[in-house]
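Peer 1: Supplied in structure tokens, the structure appears directly below.
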Amino acid sequence: MLNIWGVMLFIRLSWVFGQAGWGLGIVVIALSCVVTTVTGLSMSAICTNGVVRGGGAYYLISRSLGPEFGGSIGLIFAFANAVAVAMYVVGFAETVVDLLKENDAIMIDELNDIRIIGCISVVLLLGISVAGMEWEAKIGLLIILLVAIANVFVGTGIPASTDKKSKGFFNYDAKIFMENLPPDFRDGETFFSVFAIFFPAATGILAGANISGDLKSPSVSVRTARTRTHTHAHAHTKPSLNVVSQGWNFSSCDVNSCKFGSMNNFQVMTMVSGFGPLITAGTFSATLSSALASLVSAPKVFQALCKDNIYTALKFFAKGHGKNNEPIRGYVLTFIIAVAFIIIADLNVIAPIISNFFLASYALINFSCFHASYAKSPGWRPAYRYYNMWLSLFGAVLCCGVMFVINWWAALLTYAIEIFLYVYVTVKKPNVNWGSSTQAVTFVSAVNNALSLTGVEDHVKNFRPQCMVLTGAPKNRPALLDLAHCFTKNYGLCLTCEVFGPRTETLTDVNAGMEKNQMWLNKKKRKAFYAAVACDSFRQGTEILLQASGLGRLKPNILMMGFKKDWRTADTAGVQSYVGILHDAFDFEYGTVVLRMNQGLDISHIIKAQGEYARTHTRTLVSTSTQFQRKQGKGTIDVWWMFDDGGLTLLLPYILTTRKKFKDCKMRIFIAGQPGRVEQDRHEMKSLLEKFRIKYADIHVIDDITQNPNSNSWKMFEDMIEPFRLHEGSKSTTLAEALRKDNPWKISDAELDTFEEKTNLQVRLNELLQENSRAANLIIVSMPIARLGSVSDHLYMAWLDILTKNLPPTMLIRGNHKSVLTFYS
């Protein structure tokens with residue numbers, strides 16, 4: 001109540017009616033009441049939706065809309081309260097200077113006297129606040145204020161003396177009343193400039209919320225206090241210029257400057273009242289109590305903001321002192337800001353600044369209520385029912401509109417500051433989770449958008465790579481995840497998956513790792529989701545992920561995994577499981593990507609290792625595993641497109657070249673050609689790439705790809721498969737049959753003969769890769785496919801191994817033969 005019955009009631013309300021007339025003057029008050037009443041309803045709804053802690057408007061907005069909005073408005077609102085201290089103190093000093101002027105006791109001049117008295121006053125108020133005496137001080141001020149307000153009403157009924165009539169006051173008179181109906185704006189004032197000066201009189205509705213941390217039951221106390229703070233004020237209008245019926249003539253005021261009248265005298269209420277000194281005392285009570293409230297509010301709001309550590313640079317101001325955790329540092333900062341604005345010493349300049357900031361705060365409080373209602377979150381259950389989401393939205397729009405009408409550039413500046421702070425918090429991503437309505441709306445939007453996609457058929461133009469990455473724990477294979485992130489960032493979905501087993505022993509690990517691994521991805525700024533299953537076998541778990549991952553159209557279409565480097569020493573079941581997963585991916589119409597790096601992909605043993613030995617001997621491997629996190633230097637991405645797989649082998653490397661990390665890499669295309677047709681094959685490929693709008697640096701046609709590999713390369717391949725061969729041709733028929741029965745997984749002589757041409761191709765391709773792409777940053781090769789049941793698992797692994805052996809990072813890619821590229825618009 002003390003904050004609402006403030007400085008404007010006693011020393012600016014008469015000026016408002018003098019400028020606007022009583023017609024528009026009532027509109028000024030009514031508009032202020034509409035803004036504050038709607039905001040009060042919204043605030044009551046938010047306050048009663050759970051426990052309210054310290055921080056006032058900042059707490060309400062941040063917990064409702066999240067740290068991005070809350071952080072920006074918290075700073076602005078704390079600043080507005082600090083400036084409000086200056087406004088109230090300047091109002092007090094202005095009244096004191098008027099008294100000094102009446103008694104010819106001006107110290108220097110009116111302006112500097114306001115500054116001197118204002119600075120002395122704010123020092124005394126700071127002492128009261130720090131000492132914790134504000135409540136004791138306010139009790140006495142409230143009594144004085146109530147008596148002063150009653151004194152005004154009494155004074156209007158006492159017959160005017162000759163002195164009062166000479167100053168333009170004639171009690172209640174219908175003719176004067178009607179003459180003062182229209183506005184008489186002077187000195188460049190308008191309706192909205194007058195509103196801007198008066199509006200801080202209505203900002204006290206948040207005084208209770210701002211000190212919510214000091215209340216025993218904030219969610220109840222704030223609402224109860226708010227319903228008892230509506231203001232009923234009376235002030236006489238401007239004096240008539242020519243009151244013939246009263247025998248007074250003020251026509252000289254048209255020519256000469258007058259000291260009296262609502263437009264010229266800010267102490268009209270003192271003159272009108274029954275006992276003038278009581279109004280002066282009331283003015284002192286109103287200004288000092290409001291200043292005290294703002295001086296207490298600003299540091300507490302600021303302290304609450306700093307405690308949340310949204311802006312790490314402001315952590316210094318979070319510290320409290322004493323049993324009440326008083327924000328002494330915040331008091332000092334508020335004092336400095338207040339003194340800076342007291343130096344302005346002009347109430348009509350300071351008030352519009354505050355109006356702008358308070359309107360911005362009120363707009364966000366109303367929007368918070370609307371947004372929380374619109375989100376339809378089950379957690380939105382305010383005990384206060386007398387609000388309406390559309391009325392709150394109207395209040396938010398009204399506040400924004402009034403801001404721009406009052407001063408468009410100040411409004412733009414305020415919102416520019418808010419947007420800057422919003423973006424800053426969004427980028428910094430503070431580690432807080434308050435269950436905001438922004439999260440709720442995001443969830444609802446995601447569900448609705450996913451549902452809407454299910455009604456749209458897939459089209460080749462809208463193909464997006466959506467990867468399922470079998471990384472295990474994502475931090476164990478960062479290189480694989482980094483490349484997947486390059487493919488899907490801003491394009492599609494990325495799932496990093498892990499299979500735990502056996503099921504009965506690992507369910508606890510699955511549940512424990514979900515949030516931890518997702519947080520790791522978020523911390524590393526990887527736009528990916530973590531998924532895990534517990535299953536008795538790796539292949540079965542992967543099958544579950546392949547079939548069940550995703551939601552509607554947001555479903556993976558590419559399986560990414562690392563090359564099984566230990567296939568020669570692994571047990572047979574492990575090799576069969578790995579190859580089986582590739583077959584399953586093709587069966588479920590996934591594209592498939594296998595990444596091989598000479599040093600391997602798994603660095604889990606490094607993460608677990610400790611000590612100097614581990615650090616010195618694993619540095620190279622760590623550097624290699626994180627190489628795709630760094631910007632790639634000038635070089636090439638070599639694409640060996642051996643088969644038409646729908647275009648995935650071309651699309652993925654093209655996407656890489658659009659990323660910042662690979663922007664200095666040029667894409668070279670290698671294709672198989674026929675002898676004597678090199679230029680023709682190159683021209684056809686060039687024409688195709690141009691139609692697909694895929695940029696490239698060069699096209700190489702390999703016309704000797706069908707040649708037999710050299711003896712050294714073939715010897716390397718033979719040594720590779722030797723432990724897995726049956727060699728049944730050199731044994732008797734009976735023994736050969738027994739070997740095949742006992743070791744069905746081994747490579748038979750017949751199988752080698754059947755697939756001799758395809759085996760030669762893989763060995764020969766490695767020779768060509770060594771010859772042409774040894775210096776490439778990344779090699780991409782069409783993955784050979786083994787027909788299920790006709791090629792043994794170990795022979796297929798040998799193909800993949802010999803093809804990618806001793807090369808730079810190499811990706812084997814095979815699409816599912818569905819087109820992902822088109823040259824049709």
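Following the order of the structure tokens, chains are lettered A, B, ..., residues in each are numbered from 1, and ligands are numbered from 1.
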Would you mind listing what lies within 10 Å of A:Gly541 as a VMD selection string, with only C-alpha atoms counted and same-chain residues fewer than 2 positions away left out?
Peer 2: chain A and resid 498 to 501 503 532 to 539 543 to 546 581
Peer 1: Selection from above, N, CA, C and O atoms, as a PDB file, in the first residue's frame, can you write it?
Peer 2:
```
ATOM      1  N   GLU A 498      23.531 -48.098 -27.516  1.00  0.00           N
ATOM      2  CA  GLU A 498      24.374 -49.033 -26.770  1.00  0.00           C
ATOM      3  C   GLU A 498      23.541 -50.264 -26.428  1.00  0.00           C
ATOM      4  O   GLU A 498      22.372 -50.154 -26.063  1.00  0.00           O
ATOM      5  N   VAL A 499      24.168 -51.429 -26.569  1.00  0.00           N
ATOM      6  CA  VAL A 499      23.504 -52.686 -26.223  1.00  0.00           C
ATOM      7  C   VAL A 499      24.200 -53.282 -25.004  1.00  0.00           C
ATOM      8  O   VAL A 499      25.413 -53.514 -25.027  1.00  0.00           O
ATOM      9  N   PHE A 500      23.433 -53.491 -23.938  1.00  0.00           N
ATOM     10  CA  PHE A 500      23.957 -54.108 -22.718  1.00  0.00           C
ATOM     11  C   PHE A 500      23.547 -55.576 -22.679  1.00  0.00           C
ATOM     12  O   PHE A 500      22.485 -55.954 -23.149  1.00  0.00           O
ATOM     13  N   GLY A 501      24.367 -56.387 -22.108  1.00  0.00           N
ATOM     14  CA  GLY A 501      24.017 -57.796 -21.969  1.00  0.00           C
ATOM     15  C   GLY A 501      24.918 -58.474 -20.953  1.00  0.00           C
ATOM     16  O   GLY A 501      26.020 -57.999 -20.661  1.00  0.00           O
ATOM     17  N   ARG A 503      20.836 -59.558 -20.282  1.00  0.00           N
ATOM     18  CA  ARG A 503      19.746 -58.694 -19.875  1.00  0.00           C
ATOM     19  C   ARG A 503      19.541 -58.667 -18.361  1.00  0.00           C
ATOM     20  O   ARG A 503      19.393 -57.601 -17.756  1.00  0.00           O
ATOM     21  N   ALA A 532      19.423 -47.034 -25.335  1.00  0.00           N
ATOM     22  CA  ALA A 532      20.096 -48.267 -24.902  1.00  0.00           C
ATOM     23  C   ALA A 532      19.065 -49.362 -24.678  1.00  0.00           C
ATOM     24  O   ALA A 532      17.914 -49.094 -24.337  1.00  0.00           O
ATOM     25  N   VAL A 533      19.501 -50.597 -24.895  1.00  0.00           N
ATOM     26  CA  VAL A 533      18.655 -51.748 -24.598  1.00  0.00           C
ATOM     27  C   VAL A 533      19.495 -52.787 -23.870  1.00  0.00           C
ATOM     28  O   VAL A 533      20.711 -52.846 -24.037  1.00  0.00           O
ATOM     29  N   ALA A 534      18.822 -53.596 -23.077  1.00  0.00           N
ATOM     30  CA  ALA A 534      19.470 -54.727 -22.420  1.00  0.00           C
ATOM     31  C   ALA A 534      18.981 -55.995 -23.106  1.00  0.00           C
ATOM     32  O   ALA A 534      17.780 -56.218 -23.237  1.00  0.00           O
ATOM     33  N   CYS A 535      19.921 -56.812 -23.565  1.00  0.00           N
ATOM     34  CA  CYS A 535      19.544 -58.004 -24.327  1.00  0.00           C
ATOM     35  C   CYS A 535      20.610 -59.080 -24.125  1.00  0.00           C
ATOM     36  O   CYS A 535      21.768 -58.790 -23.796  1.00  0.00           O
ATOM     37  N   ASP A 536      20.218 -60.345 -24.351  1.00  0.00           N
ATOM     38  CA  ASP A 536      21.152 -61.444 -24.137  1.00  0.00           C
ATOM     39  C   ASP A 536      22.198 -61.547 -25.223  1.00  0.00           C
ATOM     40  O   ASP A 536      23.240 -62.173 -25.033  1.00  0.00           O
ATOM     41  N   SER A 537      21.924 -60.979 -26.420  1.00  0.00           N
ATOM     42  CA  SER A 537      22.933 -60.993 -27.479  1.00  0.00           C
ATOM     43  C   SER A 537      23.003 -59.626 -28.140  1.00  0.00           C
ATOM     44  O   SER A 537      22.000 -58.901 -28.205  1.00  0.00           O
ATOM     45  N   PHE A 538      24.200 -59.296 -28.616  1.00  0.00           N
ATOM     46  CA  PHE A 538      24.426 -57.994 -29.245  1.00  0.00           C
ATOM     47  C   PHE A 538      23.567 -57.838 -30.506  1.00  0.00           C
ATOM     48  O   PHE A 538      22.956 -56.796 -30.736  1.00  0.00           O
ATOM     49  N   ARG A 539      23.506 -58.893 -31.323  1.00  0.00           N
ATOM     50  CA  ARG A 539      22.733 -58.803 -32.557  1.00  0.00           C
ATOM     51  C   ARG A 539      21.243 -58.634 -32.280  1.00  0.00           C
ATOM     52  O   ARG A 539      20.569 -57.818 -32.917  1.00  0.00           O
ATOM     53  N   GLU A 543      18.864 -55.537 -33.366  1.00  0.00           N
ATOM     54  CA  GLU A 543      17.609 -55.736 -34.104  1.00  0.00           C
ATOM     55  C   GLU A 543      16.462 -54.973 -33.455  1.00  0.00           C
ATOM     56  O   GLU A 543      15.645 -54.354 -34.146  1.00  0.00           O
ATOM     57  N   ILE A 544      16.419 -55.006 -32.130  1.00  0.00           N
ATOM     58  CA  ILE A 544      15.374 -54.273 -31.410  1.00  0.00           C
ATOM     59  C   ILE A 544      15.487 -52.781 -31.699  1.00  0.00           C
ATOM     60  O   ILE A 544      14.497 -52.098 -31.979  1.00  0.00           O
ATOM     61  N   LEU A 545      16.722 -52.272 -31.649  1.00  0.00           N
ATOM     62  CA  LEU A 545      16.937 -50.845 -31.913  1.00  0.00           C
ATOM     63  C   LEU A 545      16.582 -50.486 -33.354  1.00  0.00           C
ATOM     64  O   LEU A 545      15.979 -49.442 -33.613  1.00  0.00           O
ATOM     65  N   LEU A 546      16.963 -51.346 -34.291  1.00  0.00           N
ATOM     66  CA  LEU A 546      16.674 -51.074 -35.699  1.00  0.00           C
ATOM     67  C   LEU A 546      15.173 -50.988 -35.960  1.00  0.00           C
ATOM     68  O   LEU A 546      14.710 -50.188 -36.773  1.00  0.00           O
ATOM     69  N   ILE A 581      24.435 -58.247 -38.240  1.00  0.00           N
ATOM     70  CA  ILE A 581      23.858 -56.904 -38.045  1.00  0.00           C
ATOM     71  C   ILE A 581      23.821 -56.145 -39.372  1.00  0.00           C
ATOM     72  O   ILE A 581      22.842 -55.444 -39.679  1.00  0.00           O
TER      73      ILE A 581
END
```
Peer 1: List the spatial neighbours of A:Val701 as a ChimeraX atom specification - criterion: any atom at most 7 Å away, only C-alpha atoms, same-chain residues fewer than 2 positions off excluded.
Peer 2: /A:670-673,678,682,699,703
Peer 1: Write the residues you've just listed into a file as a PDB file, in the first residue's frame, and include N, CA and C atoms for each of them.
Peer 2:
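Here's the written file out.pdb:
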```
ATOM      1  N   PHE A 670      35.966 -40.813 -57.833  1.00  0.00           N
ATOM      2  CA  PHE A 670      36.629 -41.901 -58.553  1.00  0.00           C
ATOM      3  C   PHE A 670      35.556 -42.900 -58.989  1.00  0.00           C
ATOM      4  N   ILE A 671      35.566 -43.242 -60.281  1.00  0.00           N
ATOM      5  CA  ILE A 671      34.595 -44.222 -60.787  1.00  0.00           C
ATOM      6  C   ILE A 671      35.325 -45.267 -61.626  1.00  0.00           C
ATOM      7  N   ALA A 672      34.709 -46.429 -61.731  1.00  0.00           N
ATOM      8  CA  ALA A 672      35.265 -47.485 -62.586  1.00  0.00           C
ATOM      9  C   ALA A 672      34.864 -47.204 -64.037  1.00  0.00           C
ATOM     10  N   GLY A 673      35.840 -47.386 -64.964  1.00  0.00           N
ATOM     11  CA  GLY A 673      35.562 -47.153 -66.376  1.00  0.00           C
ATOM     12  C   GLY A 673      36.113 -48.279 -67.237  1.00  0.00           C
ATOM     13  N   VAL A 678      37.521 -43.555 -71.321  1.00  0.00           N
ATOM     14  CA  VAL A 678      37.770 -42.728 -70.141  1.00  0.00           C
ATOM     15  C   VAL A 678      37.082 -41.377 -70.248  1.00  0.00           C
ATOM     16  N   ARG A 682      33.959 -40.017 -68.064  1.00  0.00           N
ATOM     17  CA  ARG A 682      34.124 -38.800 -67.260  1.00  0.00           C
ATOM     18  C   ARG A 682      33.025 -37.787 -67.608  1.00  0.00           C
ATOM     19  N   ILE A 699      37.137 -35.445 -61.409  1.00  0.00           N
ATOM     20  CA  ILE A 699      36.590 -36.784 -61.636  1.00  0.00           C
ATOM     21  C   ILE A 699      37.706 -37.657 -62.191  1.00  0.00           C
ATOM     22  N   ASP A 703      40.370 -47.118 -65.287  1.00  0.00           N
ATOM     23  CA  ASP A 703      40.053 -48.080 -66.352  1.00  0.00           C
ATOM     24  C   ASP A 703      40.805 -49.405 -66.211  1.00  0.00           C
TER      25      ASP A 703
END
```
Peer 1: Using DSSP on the backbone coordinates, identify the residues of stretch 651-701 of chain A assigned to strand (DSSP E or B); present them as number ranges by chain.
Peer 2: A: 665-672, 698-701
Peer 1: Any idea what's packed within 8 Å of stretch 412-420 of chain A, counting only C-alpha atoms, ignoring anything in its chain fewer than 6 positions away? Could you give it as a short mmCIF file (atom, residue, chain, number, x, y, z; two decimals) with C-alpha atoms, in the first residue's frame?
Peer 2:
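Final output, around-v3.cif:
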```cif
data_model
loop_
_atom_site.label_atom_id
_atom_site.label_comp_id
_atom_site.auth_asym_id
_atom_site.auth_seq_id
_atom_site.Cartn_x
_atom_site.Cartn_y
_atom_site.Cartn_z
CA PHE A 69 13.37 -14.90 -20.22
CA SER A 72 16.85 -10.95 -19.02
CA ILE A 73 13.85 -9.53 -17.20
CA ASN A 356 9.31 1.59 -19.81
CA PHE A 357 11.06 -1.03 -17.69
CA ALA A 360 8.36 -4.68 -20.01
CA PHE A 404 6.05 1.73 -28.09
#
```
Peer 1: Any idea what's packed within 10 Å of stretch 22-37 of chain A, counting only C-alpha atoms, ignoring anything in its chain fewer than 5 positions away? Could you give it as a ChimeraX atom specification?
Peer 2: /A:13-17,42-43,177-183,191-192,194-196,198-206,226-227,230-231,233,235-238,359,362-363,366,392,394-396,398-399,402
Peer 1: Could you check which of A:Ala585, A:Val469, A:Ala512, A:Ala93 is closest to A:Ala345, using only C-alpha atoms?
Peer 2: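 For A:Ala345, the nearest of the given residues is A:Ala93.
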Peer 1: In Å, with one decimal, what is the gap from atom CA of A:Thr48 to atom CA of A:Arg381?
Peer 2: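 So the answer is 8.2 Å.
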Peer 1: Identify, with DSSP run on backbone atoms, the residues in stretch 476-684 of chain A assigned to helix (DSSP H, G or I), and express the list as an MDAnalysis selection string.
Peer 2: chainID A and resid 476 478:488 503:523 538:548 572:587 604:608 612:617 619:625 627:629 648:657 660:662 678:684
Peer 1: Could you name the residues that touch A:Val781 at 10 Å or less, counting only C-alpha atoms, but leaving out those on the same chain fewer than 2 positions away, as a list in words?
Peer 2: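 After dropping sequence-adjacent residues, the list is Val593, Val594, Asp638, Val639, Trp640, Trp641, Met642, Phe643, Thr649, Leu650, Phe670, Leu765, Leu769, Ile779, Met783, Pro784, Leu803, Thr804, Thr810, Met811, Leu812, Ile813 and Arg814 of chain A.
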Peer 1: Using only C-alpha atoms, pick whichever of A:Gly591, A:Gly676, A:Gly56, A:Gly635 has the shortest atom-to-atom distance to A:Ser297.
Peer 2: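 Among the listed residues, the smallest separation from A:Ser297 belongs to A:Gly56.
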Peer 1: Give me, as an mmCIF file with C-alpha atoms, in the first residue's frame, all polymer residues having an atom no more than 9 Å from stretch 95-97 of chain A, counting only C-alpha atoms and skipping those fewer than 3 positions away in the same chain.
Peer 2:
```cif
data_model
loop_
_atom_site.group_PDB
_atom_site.id
_atom_site.type_symbol
_atom_site.label_atom_id
_atom_site.label_comp_id
_atom_site.auth_asym_id
_atom_site.auth_seq_id
_atom_site.Cartn_x
_atom_site.Cartn_y
_atom_site.Cartn_z
ATOM 1 C CA ILE A 11 2.923 15.945 -6.352
ATOM 2 C CA VAL A 90 13.785 13.142 -6.095
ATOM 3 C CA GLY A 91 10.048 13.531 -5.362
ATOM 4 C CA PHE A 92 10.864 13.915 -1.677
ATOM 5 C CA LEU A 100 12.766 25.996 1.263
ATOM 6 C CA LYS A 101 11.640 28.257 -1.580
ATOM 7 C CA GLU A 102 8.561 29.381 0.378
ATOM 8 C CA ALA A 105 16.034 29.233 2.358
ATOM 9 C CA ILE A 106 17.385 27.903 -0.965
ATOM 10 C CA GLU A 110 16.581 24.560 -6.943
ATOM 11 C CA LEU A 111 18.252 21.909 -9.143
ATOM 12 C CA ASP A 113 19.355 21.580 -3.800
ATOM 13 C CA ILE A 114 17.315 18.622 -5.094
ATOM 14 C CA ILE A 117 18.855 16.649 -0.418
ATOM 15 C CA PHE A 266 3.090 20.626 -7.958
ATOM 16 C CA GLN A 267 1.850 21.251 -4.373
ATOM 17 C CA THR A 280 3.672 17.641 3.350
ATOM 18 C CA THR A 283 4.268 13.375 0.801
ATOM 19 C CA PHE A 284 7.323 12.638 2.893
#
```
Peer 1: Rounded to one decimal place, report the atom CA of A:Thr471-atom CA of A:Trp520 distance in Å.
Peer 2: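 Taking atom CA of A:Thr471 and atom CA of A:Trp520, their separation equals 13.6 Å.
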Peer 1: At a cut-off of 12 Å, using only C-alpha atoms, what residues contact A:Asn490? Leave out same-chain residues fewer than 2 positions from it and give the result as a list in words.
Peer 2: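 So, after excluding close chain neighbours, the residues are Arg464, Pro465, Gln466, Ala484, His485, Cys486, Phe487, Thr488, Gly492, Leu493, Cys494, Arg526, Lys527, Ala528, Ile655, Thr658 and Arg659 of chain A.
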